[in-house]
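First up is the structure itself, then whatever we jot down about it.
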Amino acid sequence: MAGKRFISCALFAVLFAVASASPSSRIWGGSDAATNQHPHVVSVRVKDAHVCTGSLIANNAVLTAASCVTKVATEPIDSNDCSVRVGSINQYAGGKIVGCNSIVIHPSSGNFLHNLAVVFLKESLEFTEKINKIELAAADEVYEEGTPVTVTGWGLDQSNASPYKLQQVSMSVLSAAECELQAGYGYDSIVCLQHPAGTGICRGDEGAGVVSGKQLISVASFAFGGCATKYPDISTKVSVYREWIDSLLA
């Protein structure tokens, strides 16, 4: 009897260890997004592999991070190597793949400052409940410290794998002064994102939209010292670049 109890306990321990080691399939500290919850979100792909996340800002244009689609300096990658998957929370299936017609990098982009690019698509999309653009923050928009935001993407999770399903995570705006204190990155063109350790963006989430209410207020740029550290995540403030963005969409 004692031997049977020992075997049962040992088997339980093995099953527990396997369960604990299983991938979480989540963005760092995030959760699965629901179908149609974020119809503006797209998977930005290079040679048909997901590299970054982006946001539809017109029926033929995606806003993402310049670092996702830059070859060198402000020179974009070949648009023929670029595509986006729209209309699906699954980065591997569903929706449709649309090719890129052209890529415009912000002329001052470099060292993760002014880290924006507008990708124009080869076809104009028909908006549906699964595909739609998002409103951009106005040029004079101000977001106070503590403003809650949502970031969505297919970046690496705790298992160092890229999940198939779109992930979402809640953060909050950190003031420029506090961001300078914590990370030395209190630039006027930046929105710093506060989050607990164990939560945050990771590789593959670059370019993701940072949304407050129904407005895109910034674009995810990078995380300090790896993923989900105690330091704030960095995003590029949309309001600062509205004139540039609007000039491209005109």
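Just remember, in the structure tokens the first chain shown is A, the second B, etc., residues are 1-based per chain, and ligands are 1-based in the order shown.
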Kindly provide the residues of stretch 45-85 of chain A that approach stretch 206-213 of chain A to within 10 Å, each paired with its closest atom pair and their distance in Å to one decimal, based on only C-alpha atoms, listed by chain and increasing number, as a tab-separated table.
residue	atom	partner	partner_atom	distance
A:Val51	CA	A:Glu206	CA	8.3
A:Cys52	CA	A:Glu206	CA	5.3
A:Thr53	CA	A:Ala208	CA	4.7
A:Gly54	CA	A:Ala208	CA	5.1
A:Ser55	CA	A:Gly209	CA	6.0
A:Leu56	CA	A:Gly209	CA	9.5
A:Val62	CA	A:Gly207	CA	9.8
A:Leu63	CA	A:Gly207	CA	7.4
A:Thr64	CA	A:Gly207	CA	4.1
A:Ala65	CA	A:Gly207	CA	4.2
A:Ala66	CA	A:Gly207	CA	7.9
A:Ser67	CA	A:Glu206	CA	8.1
A:Cys68	CA	A:Glu206	CA	7.2
A:Val69	CA	A:Gly207	CA	9.9
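If you count only C-alpha atoms and ignore residues fewer than 6 places along the chain from stretch 167-171 of chain A, what sits within 9 Å of it is A:Ser25, A:Arg26, A:Ile27, A:Trp28, A:Gly29, A:Gly30, A:Ser31, A:Asp32, A:Ala33, A:Ile89, A:Gly146, A:Thr147, A:Pro148, A:Val149, A:Thr150, A:Val151, A:Thr152, A:Gly153, A:Trp154, A:Gly155, A:Leu193, A:Gln194, A:His195, A:Pro196, A:Thr199, A:Gly200, A:Ile201.
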At a cut-off of 12 Å, using only C-alpha atoms, what residues contact A:Ala58? Leave out same-chain residues fewer than 5 positions from it and give the result as a list in words. His40, Leu63, Val118, Val119, Phe120, Leu121, Glu123, Ser124, Leu125, Glu126, Phe127, Ile131, Asn132, Lys133, Ile134, Glu135, Leu136, Ile245, Asp246, Leu248, Leu249 and Ala250 of chain A
List every residue of stretch 32-229 of chain A that DSSP, applied to the backbone of this structure, assigns to alpha helix (DSSP H), and report them as a ChimeraX atom specification. /A:176-183
Residues of the last selection are to be written out with N, CA and C atoms, as a PDB file, in the first residue's frame.
ATOM      1  N   ALA A 176       6.345  62.238 -18.319  1.00  0.00           N
ATOM      2  CA  ALA A 176       7.685  62.387 -18.887  1.00  0.00           C
ATOM      3  C   ALA A 176       8.729  62.554 -17.793  1.00  0.00           C
ATOM      4  N   ALA A 177       8.379  63.303 -16.744  1.00  0.00           N
ATOM      5  CA  ALA A 177       9.324  63.522 -15.647  1.00  0.00           C
ATOM      6  C   ALA A 177       9.641  62.220 -14.930  1.00  0.00           C
ATOM      7  N   GLU A 178       8.616  61.406 -14.691  1.00  0.00           N
ATOM      8  CA  GLU A 178       8.834  60.133 -13.996  1.00  0.00           C
ATOM      9  C   GLU A 178       9.565  59.143 -14.899  1.00  0.00           C
ATOM     10  N   CYS A 179       9.279  59.194 -16.198  1.00  0.00           N
ATOM     11  CA  CYS A 179       9.979  58.313 -17.135  1.00  0.00           C
ATOM     12  C   CYS A 179      11.463  58.675 -17.200  1.00  0.00           C
ATOM     13  N   GLU A 180      11.754  59.965 -17.165  1.00  0.00           N
ATOM     14  CA  GLU A 180      13.149  60.413 -17.142  1.00  0.00           C
ATOM     15  C   GLU A 180      13.847  59.909 -15.880  1.00  0.00           C
ATOM     16  N   LEU A 181      13.133  59.954 -14.771  1.00  0.00           N
ATOM     17  CA  LEU A 181      13.700  59.500 -13.504  1.00  0.00           C
ATOM     18  C   LEU A 181      13.952  57.994 -13.509  1.00  0.00           C
ATOM     19  N   GLN A 182      12.993  57.241 -14.035  1.00  0.00           N
ATOM     20  CA  GLN A 182      13.095  55.783 -14.002  1.00  0.00           C
ATOM     21  C   GLN A 182      13.983  55.201 -15.099  1.00  0.00           C
ATOM     22  N   ALA A 183      13.960  55.844 -16.271  1.00  0.00           N
ATOM     23  CA  ALA A 183      14.639  55.235 -17.416  1.00  0.00           C
ATOM     24  C   ALA A 183      15.477  56.206 -18.237  1.00  0.00           C
TER      25      ALA A 183
END
Can you list, as a PyMOL selection string, all residues belonging to stretch 65-238 of chain A that DSSP tags as strand (DSSP E or B)? chain A and resi 70-72+75-76+82-86+90+96-105+110+113+117-121+135-136+148-153+157+165+167-174+190-194+200+209-212+215-223+233-237
Please, which residues in stretch 39-115 of chain A fall within 8 Å of stretch 229-237 of chain A when counting only C-alpha atoms, and what is the closest atom pair and distance in Å to one decimal for each, ordered by chain then residue number, as a tab-separated table?
residue	atom	partner	partner_atom	distance
A:Leu113	CA	A:Thr236	CA	7.6
A:His114	CA	A:Thr236	CA	6.7
A:Asn115	CA	A:Thr236	CA	6.4
Quick one: residues within 7 Å of A:Pro76, only C-alpha atoms counted, chain neighbours fewer than 4 positions away excluded, as a list in words? Val69, Thr70, Lys71, Ile103 and Ile105 of chain A
Would you put the residues from that selection into a file with C-alpha atoms, as a tab-separated table (two decimals), in the first residue's frame?
chain	number	residue	atom	x	y	z
A	69	VAL	CA	10.37	47.94	-41.87
A	70	THR	CA	13.70	49.77	-42.14
A	71	LYS	CA	16.66	48.35	-44.02
A	103	ILE	CA	6.62	52.21	-47.11
A	105	ILE	CA	9.74	56.05	-42.86
What does the distance from atom CA of A:Ala197 to atom CA of A:Lys165 come to in Å, to one decimal?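 Between these atoms lies a distance of 22.6 Å.
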Exercise: A:Lys130 partners within 6 Å, only C-alpha atoms, chain neighbours under 4 positions left out, as a PyMOL selection string: chain A and resi 36+39+87
Could you save those same residues with N, CA and C atoms as a compact mmCIF listing (two decimals), in the first residue's frame?
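Written file, part.txt:
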# COMPACT_ATOMS: atom_id res chain seq x y z
N ASN A 36 -13.03 40.28 -33.26
CA ASN A 36 -13.66 41.58 -33.55
C ASN A 36 -13.41 42.64 -32.47
N PRO A 39 -10.43 45.47 -34.33
CA PRO A 39 -10.40 45.29 -35.79
C PRO A 39 -9.35 46.11 -36.51
N GLY A 87 -7.91 41.37 -40.42
CA GLY A 87 -9.17 40.71 -40.20
C GLY A 87 -9.10 39.40 -39.46
Of the listed residues A:Thr74, A:Gln37, A:Asn111, A:Asn160, that which approaches A:Cys202 most closely, counting only C-alpha atoms: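 The answer is A:Asn160, which sits nearest to A:Cys202.
Counting from atom CA of A:Glu75, the distance to atom CA of A:Ser218 is 22.3 Å.
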Just checking: using only C-alpha atoms, which residue out of A:Leu216, A:Val240, A:Ser221, A:Lys122 ends up closest to A:Asn59? A:Lys122
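Here atom CA of A:Ala34 is placed at a distance of 21.1 Å from atom CA of A:Val219.
Considering only C-alpha atoms, the residue among A:Val44, A:Leu166, A:Leu174, A:Val86 positioned nearest to A:Gly186 is A:Leu174.
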